[in-house]
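Undergrad: One structure coming up, written as structure tokens, with questions to follow.
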Amino acid sequence: MIRPDAELLLDIQDLHASVEDKPILKGVNLQVKAGEVHAVMGRNGSGKSTLSKVLAGHPAYRVTGGSVRYRGQDLFELEPEERARLGVFLGFQYPVEIPGVSNLEFLRVSTNARREKQGEEELDTFAFEDHVHDKLKVVQMDPAFLERSVNEGFSGGEKKRNEILQMALLEPVVAILDETDSGLDIDALRIVAGGVNQLATEDNATLLITHYQRLLDEITPDYVHVMAAGRILRTGGRELALELEQTGYDWVDQELAAQGAA
Amino acid sequence: MTSTSTRDLVSQPYKYGFVTEIETDKIAKGLSEEVVRLISAKKEEPDFLLQFRLKAFRHWLTLEEPDWAALGYPEIDYQDIVYYAAPKQQEKKASLDEVDPKLLETFDKLGIPLSEQKRLSNVAVDAVFDSVSIATTYKEKLAEHGVVFCSFSEAVKEHPELIERYLGTVVSSNDNYFAALNSAVFSDGSFVFIPKGVECPMELSTYFRINSGDTGQFERTLIVAEEGASVSYLEGCTAPMFDTNQLHAAVVELVALDDASIKYSTVQNWYAGDENGVGGIYNFVTKRGQCRGDRSRISWTQVETGSAITWKYPSCVLQGADSVGEFYSVALTNNCQQADTGTKMVHVGPRTRSTIVSKGISAGRSSNSYRGLVQMGPNAKAARNYSQCDSMLIGDQAAANTYPYIRSQQPQAAIEHEASTCRISEDQLFYLQSRGIGFEEAVSMMVSGFCRDVFNQLPMEFAAEADKLLALKLEGSVG
């Protein structure tokens, strides 16, 4: 929902970033306000995933220019765990497995880290178990998954649902979901999308990084941005996504060439 | 007698404040039969002990240093070591302000209480926390139960018959090169004796052994639990320990008679050297427990995190019928550390059982090997062993190896072996961090989960410290 007086949560200005000395982001500009849903689309290699990792603070990526302010604060001054505690959430495209660490314990520790920052009381093991059982319903997840190690042996869909479960527990202010729909069948997609919709409020915002239009059938975006060659090439409304579905990304090459020549 | 009373006088720092350094009584470097005789004479030992040392020394001369382990180190010059130095009292510092702040930082991270920090940094301890009087109260309580817990040298004077009866019966001087060396020149260590039917009322810790001076590089420890007796003994501490002596070749012997049980826990954090492993301690130890009696039980739990090289196989000889041997180990290597460690479970009697849980964590450019032997003798009917060896690799330059040896002469014995390998990657750590979990806590969570089975075996206060110790030792090893 677009409201002109909503709080500016994320202000990305001319962001440049590299991985292993290779420039990937070449001047990204993006503003996300409270209550909004943004979709970032683009081909593989356009820099979509890199954008999400840089915002979350992945150590392999180096910021080489520009700035990002999160609720007025310089995001890059904060360690990844600080960003998370302050409400920045990254839903990974390929959630990693962590054998030996119990899913329940992991969820409890991360929930408490966030709650502490929000000035809420931390939950002990018993209180947390009750708390998490309620949240399981958001993603229709079986409690048996709590006993297992983090993401160990989870199917693709189960991993994505575990991401949304974490989102439900951590109540982020800005949720960046990196290709949350990849590898999901239509039913799993509906559950994940349903979860995201349930968690959206007028005080938080969602940044959906996606390849395909179909997720946007389930989650209605306020803005659609097309990314290419490390920059946002075009911004539009919902219709832009539908247009892309029809025309594909060829026009992007033409536009980039035109810009290069100019 | 003069030297003893001077020591008593000097061991009361809380009354006299500072203590001035006394002249140390040293034998010149080098090892010869003369040196061995001199050591025995200086310690005023009875003849049987002198003969024990000489026999071991003469045998050592015929041996060649073993080189079969997966370890590499520069040749040790055995003539370049001082084999005897009388304990000395060092001048105490006035306060923690005089201590290297980096050392204090380590203590804080390990959660070591202030009074302990002072003791470890050789700061004069004030009357309220007087370690000497605490130790005295402790001794009195043990004496009530008939438990003997003193230094080995003291035991030679007070209980020579016990020493003569048990010394060398578990680890004979012929056992190996370093045991022979130790048997010839051992300095001091602990002696524990639990009489029949007594459950030792408290955990015995080397902290409480009045120990003035250096820890000694050729430590000798003997623990005997008579019929129905039990004891839990804890060696070492999480605080980093420094020593100018590089080679540590200790021997520990445990004897458990019928229905007795001994639990021996070690937390080791000897100086590991710089990032290239230069200057670290070589920890070459022979530890063995003999379940001599029926239904006896010996349990080894170790957390090895220090030393440049760790080479030890705490073992159990399961002689008595229905006896039980256990080995729980976490061995961590980082930077250029090397470890070749494991256990030997030798099943002799029937229905004996052994459990081995070994967790190796390799980080940096280190090398970590588990070497284990499970042996079933012809009389070990219905004996069982379960072994689980897990390796965790951190980063992509560390190495982990497993060398399991299984020898069975008893078709009715059961042996099970499981092994696994896993990694801590930058992505896993980032995942936890992206959920608000700080780096140290993240590593701790992963390593903790990995080590849980072993840490559960440690005495309570050490289990918590062990988690922090591992996190501390792994700092900077990922990414």
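How things are named: the first chain in the structure tokens is A, the next is B, and so on; residues count from 1 in each chain; ligands count from 1 in the order shown.
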Which residues of chain A are close to chain B, meaning at most 10 Å apart when you count only C-alpha atoms, and how do they look as a PyMOL selection string?

TA: chain A and resi 53+56-60+79-92+95-102+105-107+109-114+117+149+166-167+170

Undergrad: So that I can see what lies close to Asp222 in chain A, please list as a PyMOL selection string the residues with an atom at most 9 Å from it, counting only C-alpha atoms and leaving out residues fewer than 2 positions away in the same chain.

TA: chain A and resi 1-2+36-39+220+224+236-238

Undergrad: From the options B:Leu142, B:Ser366, B:Val252, B:Lys157, which residue's atoms come nearest to Glu203 in chain B, counting only C-alpha atoms?

TA: B:Leu142

Undergrad: Enter the distance from CA of Arg53 in chain B to CA of Arg292 in chain B, in Å, rounded to one decimal.

TA: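 Spanning CA of Arg53 in chain B to CA of Arg292 in chain B is a straight-line distance of 24.7 Å.
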
Undergrad: Could you tell me, as a ChimeraX atom specification, which residues of range 81-119 of chain A DSSP assigns to alpha helix (DSSP H) when given the backbone?

TA: /A:81-85,103-117

Undergrad: Could you give me, as a list in words, the residues within 12 Å of Asn379 in chain B, counting only C-alpha atoms and dropping anything in the same chain fewer than 3 positions from it?

TA: Leu318, Gln319, Gly320, Ala321, Val346, His347, Val348, Gly349, Pro350, Arg351, Thr352, Gln375, Met376, Ala382, Ala383, Ser408, Gln409, Gln410, Pro411, Gln412 and Ala413 of chain B

Undergrad: With N, CA and C atoms retained, write the just-selected residues as a tab-separated table (two decimals), in the first residue's frame.

TA:
```
chain	number	residue	atom	x	y	z
B	318	LEU	N	40.70	-53.71	30.24
B	318	LEU	CA	39.51	-54.23	30.91
B	318	LEU	C	39.74	-55.68	31.30
B	319	GLN	N	40.36	-55.82	32.48
B	319	GLN	CA	40.72	-57.16	32.95
B	319	GLN	C	39.56	-57.84	33.65
B	320	GLY	N	39.01	-57.10	34.63
B	320	GLY	CA	37.94	-57.70	35.44
B	320	GLY	C	36.71	-58.03	34.62
B	321	ALA	N	36.03	-59.08	34.99
B	321	ALA	CA	34.78	-59.43	34.31
B	321	ALA	C	33.78	-58.31	34.50
B	346	VAL	N	41.41	-52.31	25.62
B	346	VAL	CA	41.89	-53.69	25.52
B	346	VAL	C	40.99	-54.57	26.39
B	347	HIS	N	40.16	-55.34	25.72
B	347	HIS	CA	39.22	-56.21	26.45
B	347	HIS	C	39.88	-57.54	26.75
B	348	VAL	N	40.03	-57.83	28.04
B	348	VAL	CA	40.62	-59.09	28.44
B	348	VAL	C	39.55	-60.01	29.03
B	349	GLY	N	38.81	-59.47	29.99
B	349	GLY	CA	37.81	-60.28	30.69
B	349	GLY	C	36.49	-60.38	29.94
B	350	PRO	N	35.63	-61.30	30.38
B	350	PRO	CA	34.33	-61.50	29.71
B	350	PRO	C	33.35	-60.38	30.05
B	351	ARG	N	32.41	-60.17	29.11
B	351	ARG	CA	31.30	-59.22	29.28
B	351	ARG	C	31.80	-57.81	29.59
B	352	THR	N	33.00	-57.51	29.15
B	352	THR	CA	33.51	-56.15	29.34
B	352	THR	C	32.92	-55.24	28.27
B	375	GLN	N	40.66	-53.87	21.05
B	375	GLN	CA	41.21	-55.23	21.00
B	375	GLN	C	40.41	-56.17	21.87
B	376	MET	N	40.00	-57.28	21.28
B	376	MET	CA	39.24	-58.28	22.03
B	376	MET	C	40.11	-59.52	22.19
B	382	ALA	N	31.36	-62.27	24.94
B	382	ALA	CA	30.22	-61.35	25.08
B	382	ALA	C	30.68	-59.93	25.41
B	383	ALA	N	31.87	-59.59	24.99
B	383	ALA	CA	32.35	-58.21	25.22
B	383	ALA	C	31.79	-57.32	24.12
B	408	SER	N	40.43	-58.61	16.84
B	408	SER	CA	39.61	-59.47	17.68
B	408	SER	C	39.99	-60.93	17.57
B	409	GLN	N	40.12	-61.54	18.75
B	409	GLN	CA	40.38	-62.98	18.78
B	409	GLN	C	39.20	-63.70	19.42
B	410	GLN	N	38.08	-63.01	19.47
B	410	GLN	CA	36.93	-63.59	20.16
B	410	GLN	C	35.71	-63.42	19.27
B	411	PRO	N	35.26	-64.51	18.64
B	411	PRO	CA	34.13	-64.39	17.72
B	411	PRO	C	32.83	-63.95	18.37
B	412	GLN	N	32.74	-64.08	19.71
B	412	GLN	CA	31.49	-63.67	20.36
B	412	GLN	C	31.58	-62.27	20.94
B	413	ALA	N	32.49	-61.49	20.42
B	413	ALA	CA	32.59	-60.11	20.88
B	413	ALA	C	32.00	-59.21	19.79
```

Undergrad: Give the strand (DSSP E) residues of range 296-479 of chain B, as assigned by DSSP on the backbone, as a ChimeraX atom specification.

TA: /B:297-304,309-312,315-318,324-333,338-347,353-362,367-376,384-394,399-408,414-424

Undergrad: Which distance in Å separates CA of Leu49 in chain B and CA of Ser299 in chain B, to one decimal?

TA: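 CA of Leu49 in chain B sits 28.7 Å away from CA of Ser299 in chain B.
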
Undergrad: Set the distance at 8 Å and use only C-alpha atoms: which residues neighbour Ser187 in chain B once local chain neighbours fewer than 4 positions away are removed? I'd like the list as a PyMOL selection string.

TA: chain B and resi 84+216-220

Undergrad: Take the residues from that selection and put them in a file with N, CA and C atoms, as a short mmCIF file (atom, residue, chain, number, x, y, z; two decimals), in the first residue's frame.

TA:
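The file below, part_36.cif, is the result:
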```cif
data_model
loop_
_atom_site.label_atom_id
_atom_site.label_comp_id
_atom_site.auth_asym_id
_atom_site.auth_seq_id
_atom_site.Cartn_x
_atom_site.Cartn_y
_atom_site.Cartn_z
N TYR B 84 66.19 -31.41 36.69
CA TYR B 84 65.80 -31.21 38.08
C TYR B 84 65.94 -29.75 38.46
N GLY B 216 56.14 -28.86 36.44
CA GLY B 216 56.96 -30.05 36.19
C GLY B 216 56.66 -30.64 34.84
N GLN B 217 57.70 -30.93 34.08
CA GLN B 217 57.47 -31.39 32.72
C GLN B 217 57.41 -32.90 32.63
N PHE B 218 57.88 -33.60 33.63
CA PHE B 218 57.76 -35.06 33.62
C PHE B 218 56.88 -35.44 34.80
N GLU B 219 55.59 -35.15 34.63
CA GLU B 219 54.66 -35.38 35.71
C GLU B 219 54.32 -36.86 35.84
N ARG B 220 54.18 -37.30 37.07
CA ARG B 220 53.84 -38.70 37.31
C ARG B 220 52.64 -38.73 38.24
#
```

Undergrad: Of the candidates A:Leu123, A:Leu55, A:Leu136, A:Val173, which shows the shortest atom-to-atom distance to Arg71 in chain A, using only C-alpha atoms?

TA: A:Val173

Undergrad: Leaving out Glu64 in chain B and any residue of its chain fewer than 6 positions from it, which residues lie within 12 Å of it when counting only C-alpha atoms, given as a list of chain:residue names?

TA: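 Here the answer would be B:Asn176, B:Tyr177, B:Phe178, B:Ala180, B:Leu181.
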
Undergrad: Residues within 12 Å of Asn162 in chain A, please, as a PyMOL selection string. Count only C-alpha atoms; anything in the same chain fewer than 3 positions from it doesn't count.

TA: chain A and resi 91-97+103-104+106-107+132+135-143+145-146+148-152+154-159+165-169+180+188+191-192+195

Undergrad: Keeping only N, CA and C atoms, take the residues you just selected and write them out as a tab-separated table (two decimals), in the first residue's frame.

TA:
```
chain	number	residue	atom	x	y	z
A	91	GLY	N	15.46	-13.50	3.50
A	91	GLY	CA	15.01	-14.87	3.25
A	91	GLY	C	15.91	-15.40	2.14
A	92	PHE	N	16.74	-16.38	2.44
A	92	PHE	CA	17.74	-16.84	1.49
A	92	PHE	C	17.15	-17.63	0.33
A	93	GLN	N	17.82	-17.53	-0.80
A	93	GLN	CA	17.41	-18.31	-1.96
A	93	GLN	C	17.74	-19.78	-1.73
A	94	TYR	N	18.94	-20.01	-1.19
A	94	TYR	CA	19.35	-21.38	-0.88
A	94	TYR	C	19.70	-21.46	0.60
A	95	PRO	N	18.72	-21.66	1.47
A	95	PRO	CA	19.01	-21.70	2.90
A	95	PRO	C	19.97	-22.85	3.21
A	96	VAL	N	21.01	-22.52	3.98
A	96	VAL	CA	22.07	-23.50	4.23
A	96	VAL	C	21.68	-24.46	5.35
A	97	GLU	N	22.24	-25.66	5.33
A	97	GLU	CA	21.96	-26.64	6.38
A	97	GLU	C	22.98	-26.50	7.50
A	103	ASN	N	16.91	-26.97	15.35
A	103	ASN	CA	16.09	-25.92	14.73
A	103	ASN	C	15.39	-25.11	15.82
A	104	LEU	N	14.86	-25.82	16.80
A	104	LEU	CA	14.12	-25.16	17.88
A	104	LEU	C	15.02	-24.19	18.64
A	106	PHE	N	17.85	-22.84	17.66
A	106	PHE	CA	18.25	-21.75	16.76
A	106	PHE	C	17.15	-20.70	16.69
A	107	LEU	N	15.91	-21.14	16.53
A	107	LEU	CA	14.79	-20.20	16.43
A	107	LEU	C	14.62	-19.43	17.73
A	132	VAL	N	6.20	-20.66	19.48
A	132	VAL	CA	6.53	-21.12	18.13
A	132	VAL	C	5.40	-21.98	17.53
A	135	LYS	N	3.10	-19.85	15.63
A	135	LYS	CA	3.65	-19.36	14.38
A	135	LYS	C	3.73	-20.43	13.30
A	136	LEU	N	3.82	-21.69	13.73
A	136	LEU	CA	3.89	-22.80	12.75
A	136	LEU	C	2.70	-22.77	11.82
A	137	LYS	N	1.57	-22.28	12.36
A	137	LYS	CA	0.34	-22.29	11.56
A	137	LYS	C	0.46	-21.36	10.35
A	138	VAL	N	1.23	-20.30	10.50
A	138	VAL	CA	1.38	-19.34	9.40
A	138	VAL	C	1.92	-20.02	8.15
A	139	VAL	N	2.79	-20.99	8.34
A	139	VAL	CA	3.36	-21.68	7.18
A	139	VAL	C	2.91	-23.13	7.11
A	140	GLN	N	1.93	-23.48	7.92
A	140	GLN	CA	1.41	-24.85	7.93
A	140	GLN	C	2.53	-25.88	8.03
A	141	MET	N	3.38	-25.69	9.03
A	141	MET	CA	4.52	-26.57	9.18
A	141	MET	C	4.33	-27.54	10.34
A	142	ASP	N	4.78	-28.75	10.14
A	142	ASP	CA	4.68	-29.79	11.16
A	142	ASP	C	5.67	-29.54	12.29
A	143	PRO	N	5.22	-29.63	13.55
A	143	PRO	CA	6.14	-29.42	14.68
A	143	PRO	C	7.36	-30.33	14.67
A	145	PHE	N	9.46	-30.67	12.54
A	145	PHE	CA	10.61	-29.97	11.96
A	145	PHE	C	11.43	-29.22	13.00
A	146	LEU	N	10.84	-28.96	14.15
A	146	LEU	CA	11.56	-28.22	15.18
A	146	LEU	C	12.65	-29.08	15.82
A	148	ARG	N	14.49	-31.26	14.38
A	148	ARG	CA	15.61	-31.57	13.50
A	148	ARG	C	16.66	-30.48	13.52
A	149	SER	N	17.82	-30.79	12.93
A	149	SER	CA	18.86	-29.76	12.81
A	149	SER	C	18.40	-28.76	11.75
A	150	VAL	N	18.92	-27.54	11.87
A	150	VAL	CA	18.48	-26.46	10.98
A	150	VAL	C	18.59	-26.83	9.50
A	151	ASN	N	17.45	-26.92	8.85
A	151	ASN	CA	17.37	-27.21	7.41
A	151	ASN	C	17.94	-28.55	6.97
A	152	GLU	N	18.38	-29.37	7.93
A	152	GLU	CA	19.02	-30.62	7.53
A	152	GLU	C	18.01	-31.61	6.98
A	154	PHE	N	15.83	-31.05	4.84
A	154	PHE	CA	14.56	-30.40	4.44
A	154	PHE	C	14.50	-30.35	2.92
A	155	SER	N	13.30	-30.53	2.38
A	155	SER	CA	13.14	-30.36	0.93
A	155	SER	C	13.19	-28.86	0.63
A	156	GLY	N	13.28	-28.52	-0.65
A	156	GLY	CA	13.34	-27.11	-1.05
A	156	GLY	C	12.18	-26.31	-0.48
A	157	GLY	N	10.99	-26.89	-0.61
A	157	GLY	CA	9.80	-26.20	-0.11
A	157	GLY	C	9.82	-26.05	1.40
A	158	GLU	N	10.29	-27.09	2.08
A	158	GLU	CA	10.35	-27.05	3.54
A	158	GLU	C	11.34	-25.99	4.01
A	159	LYS	N	12.44	-25.86	3.27
A	159	LYS	CA	13.43	-24.84	3.63
A	159	LYS	C	12.83	-23.45	3.48
A	165	LEU	N	8.81	-19.03	8.45
A	165	LEU	CA	8.57	-19.24	9.88
A	165	LEU	C	9.45	-18.29	10.69
A	166	GLN	N	10.71	-18.18	10.26
A	166	GLN	CA	11.63	-17.27	10.94
A	166	GLN	C	11.14	-15.83	10.83
A	167	MET	N	10.59	-15.52	9.66
A	167	MET	CA	10.05	-14.18	9.46
A	167	MET	C	8.89	-13.93	10.43
A	168	ALA	N	8.08	-14.95	10.61
A	168	ALA	CA	6.94	-14.82	11.52
A	168	ALA	C	7.42	-14.62	12.96
A	169	LEU	N	8.51	-15.27	13.31
A	169	LEU	CA	9.03	-15.15	14.68
A	169	LEU	C	9.77	-13.84	14.90
A	180	THR	N	12.27	-16.42	-3.19
A	180	THR	CA	11.58	-17.31	-2.28
A	180	THR	C	10.74	-18.34	-3.02
A	188	ALA	N	3.02	-25.23	-2.56
A	188	ALA	CA	4.00	-24.67	-1.64
A	188	ALA	C	4.08	-23.17	-1.82
A	191	ILE	N	1.33	-21.44	-0.02
A	191	ILE	CA	1.53	-21.40	1.44
A	191	ILE	C	2.53	-20.30	1.80
A	192	VAL	N	3.63	-20.25	1.05
A	192	VAL	CA	4.67	-19.24	1.32
A	192	VAL	C	4.10	-17.84	1.10
A	195	GLY	N	1.78	-16.83	3.80
A	195	GLY	CA	2.51	-16.42	5.00
A	195	GLY	C	2.98	-14.99	4.89
```

Undergrad: When you draw a straight line from CA of Gly146 in chain B to CA of Leu204 in chain B, how long is it in Å?

TA: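 Interatomic distance, CA of Gly146 in chain B to CA of Leu204 in chain B: 14.0 Å.
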
Undergrad: Please identify all polymer residues within 9 Å of Thr210 in chain A, counting only C-alpha atoms, omitting same-chain residues fewer than 6 positions from it, and present them as a list in words.

TA: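 Once the adjacent positions are removed, what remains is Ala39, Val40, Met41, Gly42, Lys48, Leu177, Asp178, Glu179, Thr180, Asp181, Ser182 and Leu216 of chain A.
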
Undergrad: Using only C-alpha atoms, which residue out of B:Met345, B:Val330, B:Leu474, B:Val147 lies closest to Ser265 in chain B?

TA: B:Val330
